[in-house]
Structure formats: structure tokens, C-alpha cells
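Visitor: Below is the structure I would like to discuss, written out as C-alpha cells.
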Amino acid sequence: MSESALNNKRVLAVDDEPDILETLKEQLDEFPGLLLDTATDYETGYHLLRSWTYDLVILDIMGVRGFDLLNAAVSLGFPTVMLTAHALSVEALKKSIQMGARAYIPKDKMGDLVPFLEDVLVLSYRPGWKRVFERLGGFFSTTFGKDWQKKEKAFWEEVSSGKDEQKPVILRK
């Protein structure tokens, strides 16, 4: 295996579907020194987030309170990727961006996951989102409809151009 940004990293993946975690394990197994911690529920995921320092966190949205875990991961400074099937929507994508996620990957695209993860590790926030939109813009248009960005055109143009500036988010209950 050639040099990769994933080599010698500690990664946490939280998903309530064990087969997704197994697929992630298979994809990440080839990277020397990569340590993958997994959890299938919110409580275990939150405990792991608070117990270790992670180079990268991968979160499902549904079934594990993914946005709550995203809030915790971002507040701890861990680059976080949202991986979803059931919460595949414009609203969930926007919320992920606003809460500080570094990428939003449909589970349909898991076969291409490694380059997204490497980008999150090597690119800063703005160029990272630009790359996500370069790679998945067509998928989002097919899934959400060709005019999906029309309602909030300025926001989506800013994000997809890489000019979006991440602002801290404070969630209150």
C-alpha cells in the first residue's frame, strides 16, 4: 500500500448497522497502523469520543443520534464525516455543514469512501467541501432534483465554491 493520509490514524465509526461497520473495516484494513474503533449506539459512541483522541470520526445520522455525536466530535476538534442513507436530504446536508461536518457521504457511495476520508484529513474545511461537491454534485442533483439548490442559492454557491466560512455552532436544549 502506498502512502496515505489514513496510515497510522485512529478513526471512530458509529453506525447502528453492523454490516456498514464491517464494510468500513474491510475498506480501512489495508492502511498500515490505522486503528478503527466502532460503536453501534449513541451511548457507546459518545463514551469513545470522550475517551480517546481521534484523527477522524465517521457518523451515521439516524439510529445513533448522529447530530448529537457530530456536535460532540466537532466541539472536541475531531474532523467528522456524516455517512447516511435514511437521512439523505437537503436539510440534513445543510445541517451537517452548519454544524461543522467536513463531508456528507451517501451510503450509496461507500465504495468511493477512502478518497473522501483522505481529503478530510489533508484539506481544510472550505476546500474539502468544494471537493465533496465536485465529486457528488451530480449525485445530489439526481437524488434531490436538479433545482435543489435554488431555494438557498447563495448558501449552496458559497459552500460548493469552497468560500464558505465555518462558524461555531452552539446547540441549546
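The chains in the C-alpha cells are called A, B, ... from first to last as shown; in each chain the residues are counted from 1, and the ligands are counted from 1 in the order shown.
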What's the 10 Å shell around range 89-92 of chain A, counting only C-alpha atoms, without same-chain residues fewer than 3 positions away, as a PDB file with N, CA and C atoms, in the first residue's frame?

Guide:
ATOM      1  N   ILE A  61     -26.332   9.207  10.695  1.00  0.00           N
ATOM      2  CA  ILE A  61     -27.214  10.217  11.267  1.00  0.00           C
ATOM      3  C   ILE A  61     -28.362   9.572  12.041  1.00  0.00           C
ATOM      4  N   PHE A  67     -26.426  13.703  14.855  1.00  0.00           N
ATOM      5  CA  PHE A  67     -26.173  15.140  15.003  1.00  0.00           C
ATOM      6  C   PHE A  67     -25.690  15.480  16.411  1.00  0.00           C
ATOM      7  N   MET A  82     -20.171  12.697   7.884  1.00  0.00           N
ATOM      8  CA  MET A  82     -21.505  12.127   8.041  1.00  0.00           C
ATOM      9  C   MET A  82     -21.711  11.118   6.908  1.00  0.00           C
ATOM     10  N   THR A  84     -24.631   8.569   5.470  1.00  0.00           N
ATOM     11  CA  THR A  84     -26.053   8.327   5.693  1.00  0.00           C
ATOM     12  C   THR A  84     -26.771   7.737   4.493  1.00  0.00           C
ATOM     13  N   ALA A  85     -27.857   7.070   4.790  1.00  0.00           N
ATOM     14  CA  ALA A  85     -28.770   6.567   3.758  1.00  0.00           C
ATOM     15  C   ALA A  85     -30.165   7.118   4.040  1.00  0.00           C
ATOM     16  N   HIS A  86     -30.646   6.914   5.245  1.00  0.00           N
ATOM     17  CA  HIS A  86     -32.013   7.290   5.584  1.00  0.00           C
ATOM     18  C   HIS A  86     -32.191   8.791   5.773  1.00  0.00           C
ATOM     19  N   LYS A  95     -27.650  20.971   7.493  1.00  0.00           N
ATOM     20  CA  LYS A  95     -27.411  20.924   8.937  1.00  0.00           C
ATOM     21  C   LYS A  95     -26.017  20.373   9.232  1.00  0.00           C
ATOM     22  N   SER A  96     -25.596  19.363   8.497  1.00  0.00           N
ATOM     23  CA  SER A  96     -24.251  18.794   8.672  1.00  0.00           C
ATOM     24  C   SER A  96     -23.186  19.851   8.427  1.00  0.00           C
ATOM     25  N   ILE A  97     -23.359  20.610   7.350  1.00  0.00           N
ATOM     26  CA  ILE A  97     -22.402  21.673   7.019  1.00  0.00           C
ATOM     27  C   ILE A  97     -22.381  22.715   8.126  1.00  0.00           C
ATOM     28  N   GLN A  98     -23.569  23.176   8.511  1.00  0.00           N
ATOM     29  CA  GLN A  98     -23.656  24.229   9.519  1.00  0.00           C
ATOM     30  C   GLN A  98     -23.110  23.799  10.869  1.00  0.00           C
ATOM     31  N   TYR A 104     -20.221  14.877   3.790  1.00  0.00           N
ATOM     32  CA  TYR A 104     -21.532  14.234   3.910  1.00  0.00           C
ATOM     33  C   TYR A 104     -21.600  13.239   2.766  1.00  0.00           C
ATOM     34  N   PRO A 106     -23.268   9.855   1.013  1.00  0.00           N
ATOM     35  CA  PRO A 106     -24.354   8.873   0.962  1.00  0.00           C
ATOM     36  C   PRO A 106     -23.780   7.458   1.051  1.00  0.00           C
ATOM     37  N   PHE A 140     -26.068  14.475  -5.923  1.00  0.00           N
ATOM     38  CA  PHE A 140     -27.037  15.276  -5.175  1.00  0.00           C
ATOM     39  C   PHE A 140     -28.148  15.779  -6.101  1.00  0.00           C
ATOM     40  N   THR A 143     -30.448  12.910  -6.893  1.00  0.00           N
ATOM     41  CA  THR A 143     -31.207  12.490  -5.717  1.00  0.00           C
ATOM     42  C   THR A 143     -32.208  13.548  -5.256  1.00  0.00           C
ATOM     43  N   PHE A 144     -31.774  14.802  -5.202  1.00  0.00           N
ATOM     44  CA  PHE A 144     -32.608  15.875  -4.656  1.00  0.00           C
ATOM     45  C   PHE A 144     -33.414  16.613  -5.726  1.00  0.00           C
ATOM     46  N   TRP A 148     -32.394  21.642  -6.654  1.00  0.00           N
ATOM     47  CA  TRP A 148     -32.371  21.504  -5.195  1.00  0.00           C
ATOM     48  C   TRP A 148     -31.682  22.662  -4.488  1.00  0.00           C
ATOM     49  N   GLN A 149     -30.764  23.355  -5.158  1.00  0.00           N
ATOM     50  CA  GLN A 149     -30.039  24.456  -4.518  1.00  0.00           C
ATOM     51  C   GLN A 149     -30.730  25.803  -4.717  1.00  0.00           C
TER      52      GLN A 149
END

Visitor: Using only C-alpha atoms, determine which residues lie at most 6 Å from range 40-51 of chain A, disregarding the query and same-chain residues fewer than 4 positions distant; provide the list as a list in words.

Guide: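 Non-adjacent residues within range: Val14, Asp15, Asp16, Val64 and Arg65 of chain A.
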
Visitor: Identify all residues of range 50-99 of chain A in helix (DSSP H, G or I) (DSSP on the backbone) and supply them as a list in words.

Guide: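 Selection result, helix (DSSP H, G or I) within range 50-99 of chain A: Arg50, Ser51, Gly66, Phe67, Asp68, Leu69, Leu70, Asn71, Ala72, Ala73, Val74, Ser75, Val90, Glu91, Ala92, Leu93, Lys94, Lys95, Ser96, Ile97 and Gln98 of chain A.
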
Visitor: Looking only at strand (DSSP E) from DSSP on the backbone, list the matching residues of chain A as a ChimeraX atom specification.

Guide: /A:10-14,35-39,56-59,80-84,103-106

Visitor: Between A:Glu3, A:Asp37, A:Glu152, A:Asp19, which is the closest to Val57 in chain A once you count only C-alpha atoms?

Guide: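 So, comparing all the options, the nearest one is A:Asp37.
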
Visitor: Can you tell me which residues surround Thr80 in chain A at a distance of at most 8 Å, considering only C-alpha atoms, apart from same-chain residues fewer than 2 positions away, and format the answer as a compact mmCIF listing (two decimals) with all heavy atoms, in the first residue's frame?

Guide:
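Heads up, here's the output in result.txt:
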# COMPACT_ATOMS: atom_id res chain seq x y z
N LEU A 56 -10.12 11.14 12.93
CA LEU A 56 -11.27 11.20 12.05
C LEU A 56 -12.43 10.46 12.69
O LEU A 56 -12.23 9.41 13.31
CB LEU A 56 -10.91 10.53 10.71
CG LEU A 56 -11.94 10.51 9.60
CD1 LEU A 56 -12.21 11.93 9.10
CD2 LEU A 56 -11.43 9.66 8.44
N VAL A 57 -13.63 11.01 12.54
CA VAL A 57 -14.84 10.38 13.07
C VAL A 57 -15.83 10.24 11.91
O VAL A 57 -16.02 11.18 11.13
CB VAL A 57 -15.45 11.22 14.21
CG1 VAL A 57 -16.77 10.63 14.68
CG2 VAL A 57 -14.47 11.35 15.37
N ILE A 58 -16.45 9.07 11.81
CA ILE A 58 -17.45 8.79 10.78
C ILE A 58 -18.75 8.47 11.50
O ILE A 58 -18.80 7.55 12.32
CB ILE A 58 -17.02 7.60 9.90
CG1 ILE A 58 -15.64 7.86 9.29
CG2 ILE A 58 -18.06 7.33 8.83
CD1 ILE A 58 -15.01 6.61 8.68
N LEU A 59 -19.82 9.23 11.18
CA LEU A 59 -21.08 9.07 11.89
C LEU A 59 -22.25 8.84 10.96
O LEU A 59 -22.41 9.54 9.96
CB LEU A 59 -21.38 10.34 12.71
CG LEU A 59 -20.37 10.75 13.76
CD1 LEU A 59 -20.74 12.12 14.33
CD2 LEU A 59 -20.28 9.70 14.86
N LEU A 70 -22.16 14.49 16.29
CA LEU A 70 -21.43 15.48 15.49
C LEU A 70 -21.10 16.69 16.33
O LEU A 70 -19.96 17.20 16.31
CB LEU A 70 -22.26 15.88 14.26
CG LEU A 70 -21.71 17.03 13.42
CD1 LEU A 70 -20.34 16.70 12.83
CD2 LEU A 70 -22.69 17.39 12.30
N ALA A 73 -18.25 15.70 18.62
CA ALA A 73 -16.99 15.49 17.89
C ALA A 73 -16.38 16.81 17.45
O ALA A 73 -15.17 17.04 17.61
CB ALA A 73 -17.21 14.57 16.69
N VAL A 74 -17.20 17.69 16.89
CA VAL A 74 -16.70 18.99 16.42
C VAL A 74 -16.21 19.82 17.60
O VAL A 74 -15.17 20.47 17.52
CB VAL A 74 -17.79 19.73 15.60
CG1 VAL A 74 -17.40 21.17 15.35
CG2 VAL A 74 -18.02 18.99 14.28
N PHE A 78 -12.49 17.09 16.42
CA PHE A 78 -12.27 15.92 15.57
C PHE A 78 -12.92 16.14 14.20
O PHE A 78 -14.14 16.37 14.14
CB PHE A 78 -12.86 14.65 16.19
CG PHE A 78 -12.33 14.32 17.57
CD1 PHE A 78 -13.13 13.64 18.47
CD2 PHE A 78 -11.06 14.67 17.97
CE1 PHE A 78 -12.67 13.31 19.74
CE2 PHE A 78 -10.58 14.36 19.24
CZ PHE A 78 -11.40 13.67 20.13
N MET A 82 -20.17 12.70 7.88
CA MET A 82 -21.50 12.13 8.04
C MET A 82 -21.71 11.12 6.91
O MET A 82 -21.49 11.43 5.75
CB MET A 82 -22.58 13.22 8.00
CG MET A 82 -22.37 14.32 9.04
SD MET A 82 -22.13 13.74 10.73
CE MET A 82 -23.80 13.36 11.20
N GLY A 100 -20.60 21.80 11.30
CA GLY A 100 -19.15 21.62 11.26
C GLY A 100 -18.66 20.31 10.70
O GLY A 100 -17.46 20.03 10.77
N ALA A 101 -19.55 19.49 10.13
CA ALA A 101 -19.07 18.26 9.49
C ALA A 101 -18.14 18.64 8.34
O ALA A 101 -18.27 19.70 7.74
CB ALA A 101 -20.25 17.44 8.96
N ARG A 102 -17.22 17.75 8.04
CA ARG A 102 -16.26 18.02 6.97
C ARG A 102 -16.65 17.36 5.66
O ARG A 102 -16.09 17.69 4.61
CB ARG A 102 -14.88 17.53 7.41
CG ARG A 102 -14.36 18.22 8.67
CD ARG A 102 -13.89 19.63 8.42
NE ARG A 102 -12.81 19.65 7.47
CZ ARG A 102 -11.53 19.38 7.74
NH1 ARG A 102 -11.17 19.11 8.97
NH2 ARG A 102 -10.62 19.40 6.80
N ALA A 103 -17.60 16.44 5.69
CA ALA A 103 -18.12 15.81 4.47
C ALA A 103 -19.43 15.12 4.81
O ALA A 103 -19.71 14.82 5.97
CB ALA A 103 -17.12 14.81 3.90

Visitor: Tell me, counting only C-alpha atoms, for each residue of range 26-95 of chain A within 8 Å of range 112-123 of chain A, which pair of atoms is nearest and how far apart they are in Å to one decimal, in rows ordered by chain and increasing number, as a tab-separated table.

Guide:
residue	atom	partner	partner_atom	distance
A:Gln27	CA	A:Val114	CA	7.5
A:Leu28	CA	A:Val114	CA	7.8
A:Asp55	CA	A:Leu121	CA	7.7
A:Leu56	CA	A:Leu121	CA	7.4
A:Pro79	CA	A:Val120	CA	7.0
A:Val81	CA	A:Leu117	CA	7.7

Visitor: Report the distance between CA of Ser124 in chain A and CA of Val159 in chain A in Å, rounded to one decimal place.

Guide: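 One can read the CA of Ser124 in chain A to CA of Val159 in chain A distance as 12.9 Å.
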
Visitor: So what do you get for CA of Trp52 in chain A versus CA of Pro18 in chain A, distance-wise?

Guide: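 Going from CA of Trp52 in chain A over to CA of Pro18 in chain A, I get 21.6 Å.
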
Visitor: I want to know what sits within 10 Å of Leu136 in chain A, based on only C-alpha atoms, with residues of the same chain fewer than 5 positions away left out; could you give that as a list in words?

Guide: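 Everything that qualifies: Tyr104, Ile105, Pro106, Lys109, Lys130, Arg131, Ser141 and Thr142 of chain A.
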
Visitor: So what do you get for CA of Asp60 in chain A versus CA of Val132 in chain A, distance-wise?

Guide: 17.2 Å

Visitor: Pick the closest to Leu88 in chain A from A:Leu69, A:Met62, A:Ile20, A:Ala39: which is it, counting only C-alpha atoms?

Guide: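 Of the candidates, the smallest distance to Leu88 in chain A is held by A:Met62.
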